[in-house]
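Q: Just one file: coords31.cif, with mmCIF, C-alpha atoms.
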```cif
data_query
#
loop_
_atom_site.label_atom_id
_atom_site.label_comp_id
_atom_site.auth_asym_id
_atom_site.auth_seq_id
_atom_site.Cartn_x
_atom_site.Cartn_y
_atom_site.Cartn_z
CA MET O 1 -90.15 28.11 -13.09
CA SER O 2 -89.44 28.81 -16.76
CA ARG O 3 -88.03 25.94 -18.77
CA TYR O 4 -85.24 28.34 -19.71
CA ALA O 5 -83.73 27.71 -16.28
CA VAL O 6 -83.84 23.92 -16.18
CA PRO O 7 -80.59 23.03 -17.99
CA ALA O 8 -78.58 25.67 -16.12
CA VAL O 9 -79.87 24.46 -12.77
CA THR O 10 -79.10 20.85 -13.67
CA LEU O 11 -75.60 21.70 -14.80
CA LEU O 12 -74.89 23.69 -11.69
CA CYS O 13 -76.33 21.24 -9.19
CA ALA O 14 -72.86 19.85 -8.46
CA LEU O 15 -71.51 23.32 -7.70
CA ALA O 16 -72.03 25.12 -4.43
CA PHE O 17 -70.90 28.35 -6.08
CA ALA O 18 -69.06 29.44 -9.20
CA PRO O 19 -65.45 28.20 -8.96
CA PRO O 20 -62.79 30.93 -9.06
CA ALA O 21 -61.38 29.86 -12.44
CA VAL O 22 -64.80 30.09 -14.10
CA ALA O 23 -65.75 33.23 -12.21
CA ALA O 24 -62.59 34.88 -13.54
CA VAL O 25 -63.82 34.46 -17.12
CA LYS O 26 -65.78 37.46 -18.35
CA ALA O 27 -69.08 36.17 -19.65
CA SER O 28 -69.15 39.00 -22.19
CA ASP O 29 -65.90 37.69 -23.69
CA VAL O 30 -67.36 34.27 -24.55
CA ILE O 31 -71.16 34.33 -24.38
CA GLN O 32 -71.93 37.24 -26.70
CA PRO O 33 -69.52 35.93 -29.38
CA ALA O 34 -71.14 32.50 -29.03
CA ILE O 35 -74.58 34.04 -29.58
CA ASP O 36 -73.61 36.35 -32.45
CA GLY O 37 -71.11 34.03 -34.09
CA PHE O 38 -72.98 30.74 -33.85
CA VAL O 39 -76.39 30.56 -32.20
CA ARG O 40 -78.19 33.28 -34.12
CA PRO O 41 -76.72 32.42 -37.56
CA ALA O 42 -77.35 28.69 -36.99
CA TYR O 43 -81.01 29.18 -36.13
CA ALA O 44 -81.42 31.61 -39.03
CA SER O 45 -79.93 28.96 -41.33
CA LEU O 46 -82.34 26.36 -39.97
CA HIS O 47 -85.27 28.69 -40.57
CA GLY O 48 -84.14 29.35 -44.12
CA HIS O 49 -83.74 25.67 -44.95
CA ALA O 50 -87.07 24.83 -43.33
CA GLY O 51 -88.72 27.45 -45.53
CA ALA O 52 -87.17 25.91 -48.63
CA LEU O 53 -88.33 22.49 -47.44
CA THR O 54 -91.92 23.68 -47.04
CA LYS O 55 -91.85 25.16 -50.54
CA ALA O 56 -90.43 21.95 -52.02
CA VAL O 57 -93.03 19.73 -50.36
CA LYS O 58 -95.88 22.01 -51.46
CA THR O 59 -94.52 21.88 -55.01
CA LEU O 60 -94.46 18.10 -54.77
CA CYS O 61 -98.09 18.09 -53.67
CA ALA O 62 -99.14 20.42 -56.47
CA THR O 63 -97.26 18.67 -59.26
CA PRO O 64 -96.18 15.22 -58.10
CA SER O 65 -93.31 13.56 -59.95
CA GLN O 66 -90.14 11.66 -59.18
CA GLY O 67 -88.16 14.84 -59.77
CA ALA O 68 -90.30 16.79 -57.32
CA LEU O 69 -89.97 14.00 -54.75
CA ASP O 70 -86.19 14.00 -55.17
CA ALA O 71 -86.17 17.79 -54.70
CA ALA O 72 -88.25 17.55 -51.52
CA ARG O 73 -85.96 14.86 -50.17
CA ALA O 74 -82.91 17.01 -50.92
CA GLU O 75 -84.41 19.92 -48.99
CA PHE O 76 -85.27 17.57 -46.13
CA LEU O 77 -81.64 16.44 -45.89
CA ALA O 78 -80.42 20.04 -46.03
CA THR O 79 -82.76 20.86 -43.16
CA VAL O 80 -81.46 17.88 -41.19
CA ASP O 81 -77.93 19.21 -41.73
CA ALA O 82 -78.94 22.62 -40.40
CA TRP O 83 -80.77 21.11 -37.44
CA SER O 84 -77.94 18.72 -36.56
CA ALA O 85 -75.56 21.64 -36.17
CA VAL O 86 -77.79 23.71 -33.89
CA GLU O 87 -79.58 20.98 -31.92
CA ILE O 88 -76.61 21.03 -29.52
CA ILE O 89 -78.24 24.16 -28.05
CA ARG O 90 -80.69 22.38 -25.77
CA PHE O 91 -81.64 25.33 -23.57
CA GLY O 92 -83.26 28.70 -24.06
CA PRO O 93 -86.14 29.30 -26.51
CA ILE O 94 -85.98 25.80 -28.03
CA THR O 95 -87.20 24.40 -24.70
CA GLU O 96 -90.35 26.52 -24.63
CA GLY O 97 -93.60 24.87 -25.67
CA ASN O 98 -91.98 21.46 -26.22
CA ARG O 99 -90.25 22.86 -29.30
CA LEU O 100 -87.23 20.58 -28.95
CA GLU O 101 -89.36 17.42 -28.88
CA ARG O 102 -91.68 18.77 -31.57
CA MET O 103 -88.72 19.38 -33.86
CA LEU O 104 -87.28 15.92 -33.31
CA TYR O 105 -88.91 13.22 -31.19
CA TRP O 106 -86.07 10.77 -30.73
CA PRO O 107 -85.18 8.18 -29.53
CA ASP O 108 -88.48 6.38 -29.96
CA ARG O 109 -87.41 2.96 -28.67
CA LYS O 110 -90.96 1.63 -28.34
CA GLY O 111 -92.05 2.94 -31.73
CA ILE O 112 -94.85 5.04 -30.22
CA GLY O 113 -94.27 7.92 -32.59
CA LEU O 114 -94.00 5.64 -35.60
CA LYS O 115 -97.36 4.07 -34.77
CA GLN O 116 -98.96 7.52 -34.49
CA VAL O 117 -97.57 8.61 -37.84
CA GLN O 118 -98.68 5.38 -39.51
CA ALA O 119 -102.13 5.74 -37.97
CA ALA O 120 -102.47 9.28 -39.31
CA LEU O 121 -101.53 8.07 -42.79
CA SER O 122 -103.87 5.08 -42.59
CA ASP O 123 -106.82 7.03 -41.19
CA LYS O 124 -106.12 10.12 -43.29
CA ASP O 125 -106.45 12.27 -40.18
CA ALA O 126 -107.57 15.67 -41.47
CA ALA O 127 -106.28 17.48 -38.39
CA ALA O 128 -102.76 16.14 -38.94
CA ALA O 129 -102.75 17.63 -42.45
CA ASP O 130 -103.44 21.11 -41.06
CA PRO O 131 -100.26 22.84 -39.76
CA VAL O 132 -102.18 24.73 -37.08
CA GLN O 133 -103.98 21.67 -35.72
CA LEU O 134 -100.89 19.48 -36.12
CA ALA O 135 -98.98 21.75 -33.72
CA GLY O 136 -101.37 20.69 -30.97
CA LYS O 137 -101.06 16.97 -31.60
CA SER O 138 -98.49 14.50 -30.26
CA VAL O 139 -94.94 15.83 -30.50
CA ALA O 140 -93.96 12.61 -32.28
CA MET O 141 -96.21 13.40 -35.25
CA GLN O 142 -94.94 16.84 -36.18
CA GLY O 143 -91.16 16.94 -36.61
CA LEU O 144 -88.23 15.68 -38.64
CA GLY O 145 -88.70 12.05 -37.64
CA ALA O 146 -92.30 12.04 -38.80
CA LEU O 147 -91.41 13.80 -42.04
CA GLU O 148 -88.63 11.31 -42.71
CA PHE O 149 -91.19 8.49 -42.61
CA VAL O 150 -93.52 10.39 -44.93
CA LEU O 151 -90.71 10.96 -47.46
CA TYR O 152 -88.79 7.70 -47.09
CA GLY O 153 -90.92 5.18 -45.20
CA SER O 154 -93.21 2.43 -46.44
CA GLY O 155 -95.40 3.74 -49.25
CA ALA O 156 -93.33 6.89 -49.85
CA GLU O 157 -92.99 6.06 -53.55
CA SER O 158 -96.66 7.05 -53.93
CA LEU O 159 -95.62 10.68 -53.49
CA ALA O 160 -94.25 10.68 -57.02
CA GLY O 161 -97.77 10.16 -58.34
CA LYS O 162 -101.31 11.34 -57.67
CA ASP O 163 -102.57 8.26 -55.84
CA ASP O 164 -101.96 9.43 -52.26
CA PRO O 165 -102.61 13.18 -51.90
CA TYR O 166 -103.16 12.85 -48.16
CA ARG O 167 -99.63 11.64 -47.52
CA CYS O 168 -98.23 14.71 -49.25
CA ALA O 169 -100.65 17.04 -47.45
CA TYR O 170 -99.53 15.61 -44.12
CA GLY O 171 -95.90 16.07 -45.18
CA ALA O 172 -96.59 19.68 -46.11
CA ALA O 173 -98.18 20.27 -42.69
CA ILE O 174 -95.14 18.82 -40.95
CA SER O 175 -92.82 20.97 -43.06
CA GLY O 176 -94.83 24.06 -42.24
CA ASN O 177 -94.74 23.18 -38.57
CA ILE O 178 -90.95 22.74 -38.64
CA GLU O 179 -90.61 26.09 -40.41
CA ALA O 180 -92.81 27.79 -37.81
CA ILE O 181 -90.84 26.35 -34.89
CA ALA O 182 -87.53 27.35 -36.45
CA GLY O 183 -88.82 30.85 -37.13
CA ASP O 184 -90.13 31.30 -33.61
CA VAL O 185 -86.87 30.15 -32.03
CA SER O 186 -84.76 32.31 -34.33
CA ALA O 187 -86.91 35.35 -33.55
CA ALA O 188 -86.68 34.65 -29.81
CA TRP O 189 -82.88 34.61 -29.93
CA ASP O 190 -82.90 37.88 -31.88
CA LYS O 191 -85.04 39.75 -29.33
CA PRO O 192 -82.93 42.50 -27.72
CA ASP O 193 -84.50 41.87 -24.31
CA GLY O 194 -84.94 38.11 -24.69
CA PHE O 195 -83.06 35.04 -23.53
CA ALA O 196 -79.84 36.08 -25.29
CA ALA O 197 -79.65 39.21 -23.14
CA LEU O 198 -80.12 37.17 -19.97
CA TRP O 199 -77.37 34.73 -20.88
CA ALA O 200 -74.91 37.39 -22.01
CA ASN O 201 -75.49 39.73 -19.07
CA PRO O 202 -75.37 37.73 -15.81
CA GLY O 203 -75.72 39.54 -12.53
CA PRO O 204 -77.44 39.60 -9.12
CA GLN O 205 -80.72 40.82 -10.64
CA ASN O 206 -80.67 38.28 -13.47
CA ALA O 207 -83.38 35.65 -12.95
CA LEU O 208 -81.35 32.87 -14.62
CA TYR O 209 -77.64 33.65 -14.37
CA HIS O 210 -76.52 35.30 -11.17
CA ASN O 211 -72.87 35.57 -12.17
CA GLY O 212 -70.49 34.99 -15.05
CA GLY O 213 -69.54 31.59 -13.72
CA GLU O 214 -73.06 30.29 -14.17
CA ALA O 215 -73.28 31.70 -17.70
CA VAL O 216 -69.94 30.18 -18.75
CA THR O 217 -70.86 26.85 -17.14
CA GLN O 218 -73.98 26.78 -19.30
CA LEU O 219 -71.76 27.15 -22.37
CA LEU O 220 -69.41 24.39 -21.25
CA GLY O 221 -72.40 22.16 -20.71
CA VAL O 222 -73.25 22.33 -24.42
CA PHE O 223 -70.12 20.36 -25.25
CA ILE O 224 -70.41 17.89 -22.40
CA GLU O 225 -74.07 17.12 -23.03
CA GLY O 226 -73.69 17.24 -26.80
CA LEU O 227 -70.87 14.72 -26.80
CA GLU O 228 -72.73 12.40 -24.43
CA ILE O 229 -75.78 12.46 -26.69
CA THR O 230 -73.74 11.95 -29.86
CA ARG O 231 -71.74 9.07 -28.42
CA ASP O 232 -73.93 7.37 -25.82
CA VAL O 233 -77.44 7.97 -27.16
CA ARG O 234 -77.01 8.33 -30.92
CA LEU O 235 -73.99 6.15 -31.77
CA LYS O 236 -74.17 3.50 -29.06
CA GLY O 237 -77.93 3.42 -29.51
CA PHE O 238 -77.46 1.27 -32.62
CA LEU O 239 -73.78 0.23 -32.56
CA GLY O 240 -73.38 -2.79 -30.32
CA ALA O 241 -70.26 -4.30 -28.83
CA ASN O 242 -70.66 -6.99 -31.49
CA ALA O 243 -72.89 -7.74 -34.46
CA LYS O 244 -75.47 -9.57 -32.35
CA ALA O 245 -75.93 -6.46 -30.19
CA ASP O 246 -76.44 -4.08 -33.12
CA LYS O 247 -79.81 -2.33 -33.50
CA PRO O 248 -79.80 -0.74 -36.97
CA LYS O 249 -83.41 0.41 -36.77
CA GLN O 250 -82.63 2.34 -33.59
CA ALA O 251 -80.30 4.57 -35.62
CA ILE O 252 -81.49 8.11 -36.12
CA PHE O 253 -82.52 8.93 -39.72
CA TRP O 254 -81.83 5.38 -40.88
CA ARG O 255 -84.55 5.46 -43.50
CA SER O 256 -82.93 8.38 -45.33
CA GLN O 257 -79.44 6.91 -44.82
CA TYR O 258 -78.49 10.11 -42.99
CA THR O 259 -77.48 8.64 -39.64
CA THR O 260 -73.78 9.37 -39.77
CA ARG O 261 -74.27 12.65 -41.63
CA SER O 262 -76.39 13.92 -38.72
CA LEU O 263 -73.68 12.84 -36.26
CA ALA O 264 -71.13 14.75 -38.32
CA GLY O 265 -73.42 17.77 -38.10
CA ASN O 266 -73.49 17.53 -34.31
CA LEU O 267 -69.68 17.57 -34.16
CA THR O 268 -69.37 20.33 -36.74
CA GLY O 269 -71.83 22.42 -34.75
CA MET O 270 -69.87 21.95 -31.54
CA ASP O 271 -66.65 22.90 -33.27
CA ALA O 272 -68.23 26.02 -34.77
CA LEU O 273 -69.63 27.05 -31.39
CA PHE O 274 -66.29 26.45 -29.67
CA GLN O 275 -64.48 28.58 -32.25
CA ALA O 276 -67.10 31.35 -32.23
CA SER O 277 -67.17 31.62 -28.44
CA ARG O 278 -63.39 31.98 -28.17
CA LEU O 279 -63.68 29.75 -25.12
CA GLY O 280 -60.23 28.36 -25.87
CA GLU O 281 -58.73 31.83 -25.39
CA ALA O 282 -60.34 31.98 -21.94
CA LEU O 283 -58.52 28.86 -20.76
CA PRO O 284 -55.56 29.37 -18.42
CA GLU O 285 -52.50 29.94 -20.60
CA ASP O 286 -50.82 26.64 -19.79
CA THR O 287 -53.93 24.69 -20.87
CA ARG O 288 -54.74 26.47 -24.15
CA TRP O 289 -53.35 23.53 -26.09
CA MET O 290 -56.73 21.94 -25.39
CA ALA O 291 -58.40 24.35 -27.80
CA GLU O 292 -56.38 23.16 -30.80
CA THR O 293 -56.79 19.55 -29.70
CA ALA O 294 -60.56 20.02 -29.53
CA HIS O 295 -60.68 21.57 -33.01
CA ILE O 296 -58.60 18.77 -34.53
CA GLN O 297 -60.71 16.07 -32.92
CA PHE O 298 -64.02 17.70 -33.86
CA THR O 299 -62.78 17.93 -37.44
CA ASN O 300 -61.53 14.34 -37.48
CA GLY O 301 -64.74 13.07 -35.89
CA ALA O 302 -66.96 14.83 -38.43
CA ALA O 303 -64.81 13.52 -41.28
CA ALA O 304 -64.96 9.98 -39.89
CA ALA O 305 -68.75 10.18 -39.65
CA ARG O 306 -69.20 11.56 -43.18
CA ALA O 307 -66.94 8.82 -44.58
CA VAL O 308 -69.39 6.14 -43.43
CA THR O 309 -72.16 6.01 -46.02
CA GLY O 310 -74.95 3.69 -47.11
CA PRO O 311 -77.82 1.88 -45.40
CA ILE O 312 -76.90 1.47 -41.74
CA GLU O 313 -77.69 -2.24 -41.71
CA GLU O 314 -75.15 -2.71 -44.50
CA VAL O 315 -72.62 -0.49 -42.76
CA LEU O 316 -72.79 -2.64 -39.65
CA THR O 317 -72.01 -5.82 -41.58
CA ASP O 318 -69.17 -4.30 -43.61
CA PRO O 319 -65.89 -4.54 -41.62
CA ALA O 320 -64.37 -1.47 -43.30
CA ARG O 321 -67.35 0.82 -42.71
CA ARG O 322 -67.95 -0.59 -39.23
CA ALA O 323 -64.34 0.29 -38.44
CA GLY O 324 -65.27 3.88 -39.31
CA LEU O 325 -67.99 3.81 -36.67
CA ASP O 326 -65.50 2.42 -34.16
CA ARG O 327 -63.15 5.29 -35.01
CA LEU O 328 -65.99 7.76 -34.48
CA LEU O 329 -66.68 6.16 -31.12
CA GLN O 330 -63.04 6.53 -30.11
CA ILE O 331 -62.91 10.18 -31.16
CA THR O 332 -66.11 11.12 -29.37
CA SER O 333 -64.92 9.28 -26.25
CA SER O 334 -61.67 11.23 -26.37
CA LEU O 335 -63.57 14.50 -26.79
CA SER O 336 -65.84 13.60 -23.88
CA ASP O 337 -62.80 13.09 -21.69
CA LEU O 338 -61.27 16.33 -22.92
CA PHE O 339 -64.31 18.44 -22.09
CA GLY O 340 -65.77 16.42 -19.22
CA SER O 341 -62.51 16.18 -17.32
CA LYS O 342 -59.64 18.30 -18.61
CA VAL O 343 -61.42 21.47 -19.76
CA THR O 344 -63.74 21.49 -16.77
CA ALA O 345 -60.78 20.98 -14.45
CA ALA O 346 -58.94 23.86 -16.13
CA PHE O 347 -61.91 26.08 -15.31
CA GLY O 348 -62.10 24.73 -11.76
CA LEU O 349 -65.30 22.72 -12.22
CA THR O 350 -66.01 19.34 -10.68
CA ALA O 351 -64.59 16.79 -13.10
CA GLY O 352 -67.21 14.76 -14.92
CA PHE O 353 -70.27 16.85 -14.09
CA SER O 354 -73.06 16.03 -16.49
CA SER O 355 -76.24 17.72 -17.65
CA LEU O 356 -77.72 14.27 -18.32
CA ASP O 357 -77.27 12.94 -14.79
CA GLY O 358 -80.59 11.78 -13.43
CA ASP O 359 -82.27 11.58 -16.85
#
```
Mind turning the file's structure into structure tokens?
A:
Amino acid sequence: MSRYAVPAVTLLCALAFAPPAVAAVKASDVIQPAIDGFVRPAYASLHGHAGALTKAVKTLCATPSQGALDAARAEFLATVDAWSAVEIIRFGPITEGNRLERMLYWPDRKGIGLKQVQAALSDKDAAAADPVQLAGKSVAMQGLGALEFVLYGSGAESLAGKDDPYRCAYGAAISGNIEAIAGDVSAAWDKPDGFAALWANPGPQNALYHNGGEAVTQLLGVFIEGLEITRDVRLKGFLGANAKADKPKQAIFWRSQYTTRSLAGNLTGMDALFQASRLGEALPEDTRWMAETAHIQFTNGAAAARAVTGPIEEVLTDPARRAGLDRLLQITSSLSDLFGSKVTAAFGLTAGFSSLDGD
């Protein structure tokens, strides 16, 4: 079975058939706008930023300097912004060929990926510095997490000089790999007869979506899964109930101090998708207040995340900035309840169904 089908099947496992409220929603009214208004532009943006990142890293390798390193780091952060917005789409072409894991291998609680990246740098693994050969190596060695270590991890200052050309070559290979993945996924979504057509045109002969209810449920699952990942995996992964339970080095992008910025990107992406899909307009009339509530909370959550800046270990020990993380936790919890219970109930779905159940 194609990996395209896995998330939809998981999401629908709690449903014997498409509930009447969801079945009444025309998939064409929400899915095609979601694709044209968010998915395709977001992947195109990611591809564009990844291309600029590759160019910046190659420039750094050719003429190393602190200015060139700063420029490469700026393009890296811009690419993380673009990825954070679109990574909420965890089905379709991004699931083919381990692309999702190759783009970002995280969490890495046992540090397996880190050890592989450090080994490549120590051994000066020639294959890892070749974009083509790198694509066949461990997924942990070829994405944004690996590139963050190259640009910000121990020894990264050497990139500003000519003493460590291998490190830069490996970084350039990773950048090229990220660009290639982004380009392939963007092209796949643009194909007239590709996955987008299957999602937007459900029917009895459709191999993945047999009716509109299944297609719309897939869309709803983006918000439910996305919020669970943002809150339970990303935020709670490093934010403990108290200072003793904190795990700052389990925070995503902690080396580049981009942890909370990436969380803001997740929420901004969900808001943009929700607005583009016009899913709020498809809600029963007496429940459409949820759409404005969702927009306000997505906006407030992203703002709360962006307001928390600095090294994450310092954030956690600063009462004012830690309070910002607590606020973000409250907002994402409220959004999870809104989508996981209220919105799903409005569409007639089983309250609390989750695409992460069983993971």
Q: Name the residues, using the chain letters and numbers of the file, that sit within 12 Å of (-82.2, 1.6, -36.1) when counting all atoms listed in the file, and give them as a ChimeraX atom specification.
A: /O:106-111,233-240,245-259,311-316
Q: Set the distance at 8 Å and use only C-alpha atoms: which residues neighbour Pro93 of chain O once local chain neighbours fewer than 5 positions away are removed? I'd like the list as a list in words.
A: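 In the requested format, the answer is Tyr4, Val185, Ala188, Trp189 and Phe195 of chain O.
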Q: Atom CA of Ile224 of chain O and atom CA of Ser333 of chain O, how far apart in Å?
A: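 If I compute the distance from atom CA of Ser333 of chain O to atom CA of Ile224 of chain O, I get 10.9 Å.
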Q: Between atom CA of Leu147 of chain O and atom CA of Gly97 of chain O, what distance in Å does the model show, to one decimal?
A: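 Atom CA of Gly97 of chain O lies 19.9 Å from atom CA of Leu147 of chain O.
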Q: Give me the residues within 12 Å of Ser154 of chain O as a PyMOL selection string, counting all atoms listed in the file and dropping any in the same chain fewer than 2 places off.
A: chain O and resi 114+117-118+121-122+148-152+156-159+167+255-256
Q: Could you list the residues chosen by the PyMOL selection byres ((chain O and resi 266) around 9) in this structure as a PyMOL selection string?
A: chain O and resi 81+83-88+226-227+230+261-265+267-271+302
Q: Which residues come within 7 Å of Asn211 of chain O, counting only C-alpha atoms, excluding same-chain residues fewer than 5 positions away, as a list in words?
A: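 Skipping anything fewer than 5 positions along the chain leaves Pro202, Gly203 and Pro204 of chain O.
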Q: Hey, can you check how far atom CA of Val343 of chain O sits from atom CA of Gln275 of chain O?
A: 14.7 Å
